[in-house]
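This is work06.cif (mmCIF, C-alpha atoms).
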```cif
data_start
loop_
_atom_site.label_atom_id
_atom_site.label_comp_id
_atom_site.auth_asym_id
_atom_site.auth_seq_id
_atom_site.Cartn_x
_atom_site.Cartn_y
_atom_site.Cartn_z
CA MET A 1 19.99 1.90 13.77
CA ARG A 2 20.15 1.30 10.07
CA ILE A 3 17.77 0.80 7.21
CA TRP A 4 19.81 -1.53 5.01
CA HIS A 5 20.01 -0.67 1.32
CA TYR A 6 16.97 -2.28 -0.27
CA LYS A 7 19.07 -4.27 -2.76
CA LEU A 8 20.91 -6.02 0.08
CA ILE A 9 17.88 -7.43 1.86
CA PRO A 10 18.20 -10.86 0.15
CA PHE A 11 21.85 -11.11 1.30
CA LEU A 12 21.39 -10.18 4.95
CA PRO A 13 22.39 -12.91 7.38
CA LYS A 14 19.68 -13.99 9.80
CA SER A 15 20.83 -11.70 12.62
CA GLN A 16 20.78 -8.58 10.40
CA LEU A 17 17.45 -9.49 8.80
CA LEU A 18 15.80 -10.06 12.18
CA ALA A 19 17.39 -6.89 13.56
CA GLN A 20 16.04 -4.99 10.55
CA TRP A 21 12.53 -6.15 11.39
CA ARG A 22 13.04 -5.12 15.05
CA GLU A 23 14.22 -1.69 13.93
CA LEU A 24 11.27 -1.30 11.60
CA ASN A 25 8.94 -2.28 14.43
CA SER A 26 10.53 0.33 16.64
CA ILE A 27 9.83 2.91 13.93
CA PHE A 28 6.25 1.66 13.60
CA LYS A 29 5.68 1.83 17.36
CA LYS A 30 7.64 4.93 18.43
CA GLN A 31 8.46 6.72 15.18
CA ASP A 32 12.08 6.71 16.26
CA LYS A 33 14.41 9.45 15.21
CA HIS A 34 18.04 8.59 14.58
CA ILE A 35 20.65 10.15 12.35
CA LEU A 36 20.89 6.98 10.22
CA ILE A 37 17.14 6.66 9.58
CA ASN A 38 15.67 10.17 9.69
CA TYR A 39 15.60 10.32 5.90
CA ILE A 40 12.71 7.83 5.75
CA TYR A 41 10.40 10.55 7.09
CA GLU A 42 11.09 12.62 3.95
CA TYR A 43 9.13 10.05 1.92
CA PRO A 44 5.46 9.11 1.88
CA LYS A 45 4.60 6.25 4.24
CA GLU A 46 3.88 4.10 1.19
CA ASN A 47 7.63 4.00 0.50
CA LEU A 48 8.41 2.65 3.97
CA MET A 49 5.53 0.22 3.61
CA TYR A 50 6.99 -1.10 0.35
CA TYR A 51 10.43 -1.45 1.97
CA SER A 52 8.87 -3.22 4.95
CA ILE A 53 7.07 -5.62 2.62
CA LEU A 54 10.44 -6.42 0.99
CA VAL A 55 11.77 -7.33 4.44
CA LEU A 56 8.65 -9.33 5.32
CA ASN A 57 8.81 -11.24 2.04
CA GLU A 58 12.47 -12.12 2.61
CA MET A 59 11.72 -13.28 6.13
CA ALA A 60 8.82 -15.42 4.88
CA GLU A 61 11.02 -16.91 2.16
CA LYS A 62 13.54 -17.93 4.82
CA GLY A 63 10.80 -19.36 7.04
CA TYR A 64 10.98 -16.76 9.83
CA LYS A 65 7.79 -15.97 11.73
CA THR A 66 6.79 -12.34 12.24
CA LYS A 67 4.29 -10.32 14.20
CA THR A 68 2.76 -7.52 12.19
CA ASP A 69 0.65 -5.70 14.80
CA ASN A 70 2.89 -2.61 14.84
CA PHE A 71 3.10 -2.70 11.04
CA SER A 72 -0.70 -2.76 10.75
CA ASN A 73 -1.15 0.04 13.28
CA TYR A 74 1.51 2.29 11.75
CA PHE A 75 0.21 1.90 8.22
CA ASN A 76 -3.46 2.12 9.17
CA GLY A 77 -5.08 4.38 6.59
CA VAL A 78 -2.16 4.15 4.16
CA ASP A 79 -3.20 3.23 0.64
CA PHE A 80 -1.96 -0.35 0.30
CA ILE A 81 -2.54 -0.25 -3.45
CA LYS A 82 -0.32 2.84 -3.74
CA ALA A 83 2.34 1.14 -1.62
CA THR A 84 2.32 -1.88 -3.88
CA LYS A 85 2.55 0.24 -7.04
CA PHE A 86 6.28 -0.22 -6.82
CA ASN A 87 7.63 -2.76 -9.27
CA ASP A 88 9.96 -5.49 -8.13
CA GLY A 89 13.37 -3.87 -7.69
CA ASP A 90 12.11 -0.28 -7.40
CA ASN A 91 14.01 1.97 -5.02
CA PRO A 92 11.77 3.08 -2.16
CA PHE A 93 14.23 5.79 -1.05
CA PRO A 94 15.74 7.06 -4.32
CA ASN A 95 17.51 10.10 -2.88
CA HIS A 96 19.24 8.01 -0.23
CA HIS A 97 19.55 4.39 -1.34
CA ASN A 98 22.06 5.26 -4.01
CA TYR A 99 25.26 3.53 -5.08
CA ARG A 100 27.30 5.25 -2.36
CA TYR A 101 24.96 3.98 0.36
CA LEU A 102 24.98 0.51 -1.21
CA LYS A 103 28.78 0.46 -0.84
CA GLN A 104 28.59 1.71 2.75
CA CYS A 105 26.17 -1.06 3.66
CA PHE A 106 28.27 -3.63 1.82
CA TYR A 107 31.41 -2.64 3.71
CA ASN A 108 29.48 -2.82 6.98
CA LEU A 109 28.39 -6.37 6.11
CA GLN A 110 31.86 -7.26 4.87
CA GLU A 111 33.31 -6.26 8.23
CA LYS A 112 30.76 -8.46 10.03
CA TYR A 113 31.80 -11.38 7.82
CA ASP A 114 35.53 -10.66 8.24
CA ARG A 115 35.14 -10.53 12.03
CA GLY A 116 33.50 -13.97 12.03
CA GLN A 117 29.82 -13.28 12.58
CA LYS A 118 28.57 -16.81 13.26
CA ASP A 119 25.47 -16.74 11.04
CA PHE A 120 27.26 -15.13 8.10
CA SER A 121 28.32 -18.12 6.04
CA GLU A 122 30.89 -18.08 3.28
CA GLU A 123 28.11 -19.02 0.85
CA ILE A 124 26.01 -15.97 1.78
CA PHE A 125 29.02 -13.68 1.66
CA ASN A 126 30.11 -15.01 -1.74
CA LYS A 127 26.63 -14.35 -3.15
CA LEU A 128 26.75 -10.84 -1.71
CA ASN A 129 30.24 -10.26 -3.09
CA ASP A 130 29.22 -11.50 -6.57
CA PHE A 131 26.21 -9.19 -6.47
CA MET A 132 28.44 -6.24 -5.58
CA ILE A 133 30.85 -7.03 -8.39
CA ASP A 134 27.90 -6.96 -10.81
CA GLU A 135 26.75 -3.64 -9.33
CA MET A 136 30.23 -2.16 -9.71
CA MET A 137 30.31 -3.23 -13.35
CA ARG A 138 26.97 -1.47 -13.89
CA GLU A 139 28.34 1.65 -12.24
CA ASP A 140 31.46 1.56 -14.41
CA CYS A 141 33.74 1.37 -11.41
CA PHE A 142 36.47 -0.56 -13.20
#
```

Before we go any further, please render this structure as structure tokens.
Amino acid sequence: MRIWHYKLIPFLPKSQLLAQWRELNSIFKKQDKHILINYIYEYPKENLMYYSILVLNEMAEKGYKTKTDNFSNYFNGVDFIKATKFNDGDNPFPNHHNYRYLKQCFYNLQEKYDRGQKDFSEEIFNKLNDFMIDEMMREDCF
């Protein structure tokens, strides 16, 4: 289980993006606990709602259909206005989706590309790689 770094959502290949939605739905339905996702429960539900909307928007942009029953049930009673107070690009999990986690997620995706994941095209990977180079420059890693 993994909640991908929020900045990487636009670069996820189809299989990872769809798997992310499945994992979110599992959280919505069962409130799963797992060492890689437990941190989300440290934040208000509005933060997870915002993250989920980022995933939903990316899926819609790519033309993927979604069912949102579990989403609606899980977030029933959550202030939608508060969840949408985030500005585009805001970090929904600021204590966890940091630069270190961004690199960990990148290397995970890089390995999938290097091992020949069929839906991970060179074009998608090059966009991801260019994004990471820009991020490293911002972090003064050179």

Could you pull the residues within 12 Å of A:Gln16, counting all atoms listed in the file, minus those fewer than 4 positions along the same chain, as a PyMOL selection string? chain A and resi 1-4+8-12+20-23+55+58-59+105+108-109+112-113+117-120

Using the chain letters and numbers from this file, what does the PyMOL selection byres ((chain A and resi 67) around 12) select? Give the answer as an MDAnalysis selection string. chainID A and resid 18 21:22 24:25 56 59:60 64:66 68:73

Could you build a table of the residues in stretch 68-114 of chain A lying no more than 12 Å from stretch 36-53 of chain A, giving for each the nearest pair of atoms and their separation in Å rounded to one decimal place, using all atoms listed in the file, ordered by chain and ascending residue number, as a tab-separated table?
```
residue	atom	partner	partner_atom	distance
A:Thr68	CA	A:Ser52	CA	10.4
A:Asn70	CA	A:Ser52	CA	11.6
A:Phe71	CA	A:Met49	CA	8.3
A:Ser72	CA	A:Met49	CA	9.9
A:Asn73	CA	A:Met49	CA	11.8
A:Tyr74	CA	A:Lys45	CA	9.0
A:Phe75	CA	A:Met49	CA	7.2
A:Asn76	CA	A:Lys45	CA	10.3
A:Gly77	CA	A:Lys45	CA	10.1
A:Val78	CA	A:Glu46	CA	6.7
A:Asp79	CA	A:Glu46	CA	7.2
A:Phe80	CA	A:Glu46	CA	7.4
A:Ile81	CA	A:Glu46	CA	9.0
A:Lys82	CA	A:Glu46	CA	6.6
A:Ala83	CA	A:Glu46	CA	4.4
A:Thr84	CA	A:Tyr50	CA	6.3
A:Lys85	CA	A:Tyr50	CA	8.7
A:Phe86	CA	A:Tyr50	CA	7.3
A:Asn87	CA	A:Tyr50	CA	9.8
A:Asp88	CA	A:Tyr50	CA	10.0
A:Gly89	CA	A:Tyr51	CA	10.4
A:Asp90	CA	A:Tyr50	CA	9.3
A:Asn91	CA	A:Tyr51	CA	8.6
A:Pro92	CA	A:Asn47	CA	5.0
A:Phe93	CA	A:Asn47	CA	7.0
A:Pro94	CA	A:Tyr43	CA	9.6
A:Asn95	CA	A:Tyr39	CA	9.0
A:His96	CA	A:Tyr39	CA	7.5
A:His97	CA	A:Tyr39	CA	10.2
A:Tyr101	CA	A:Leu36	CA	11.1
A:Gln104	CA	A:Leu36	CA	12.0
A:Cys105	CA	A:Leu36	CA	11.6
```

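Among A:Tyr6, A:Phe131, A:Tyr99, A:Phe28, the residue with the shortest atom-to-atom distance to A:Leu54, counting all atoms listed in the file, is A:Tyr6.
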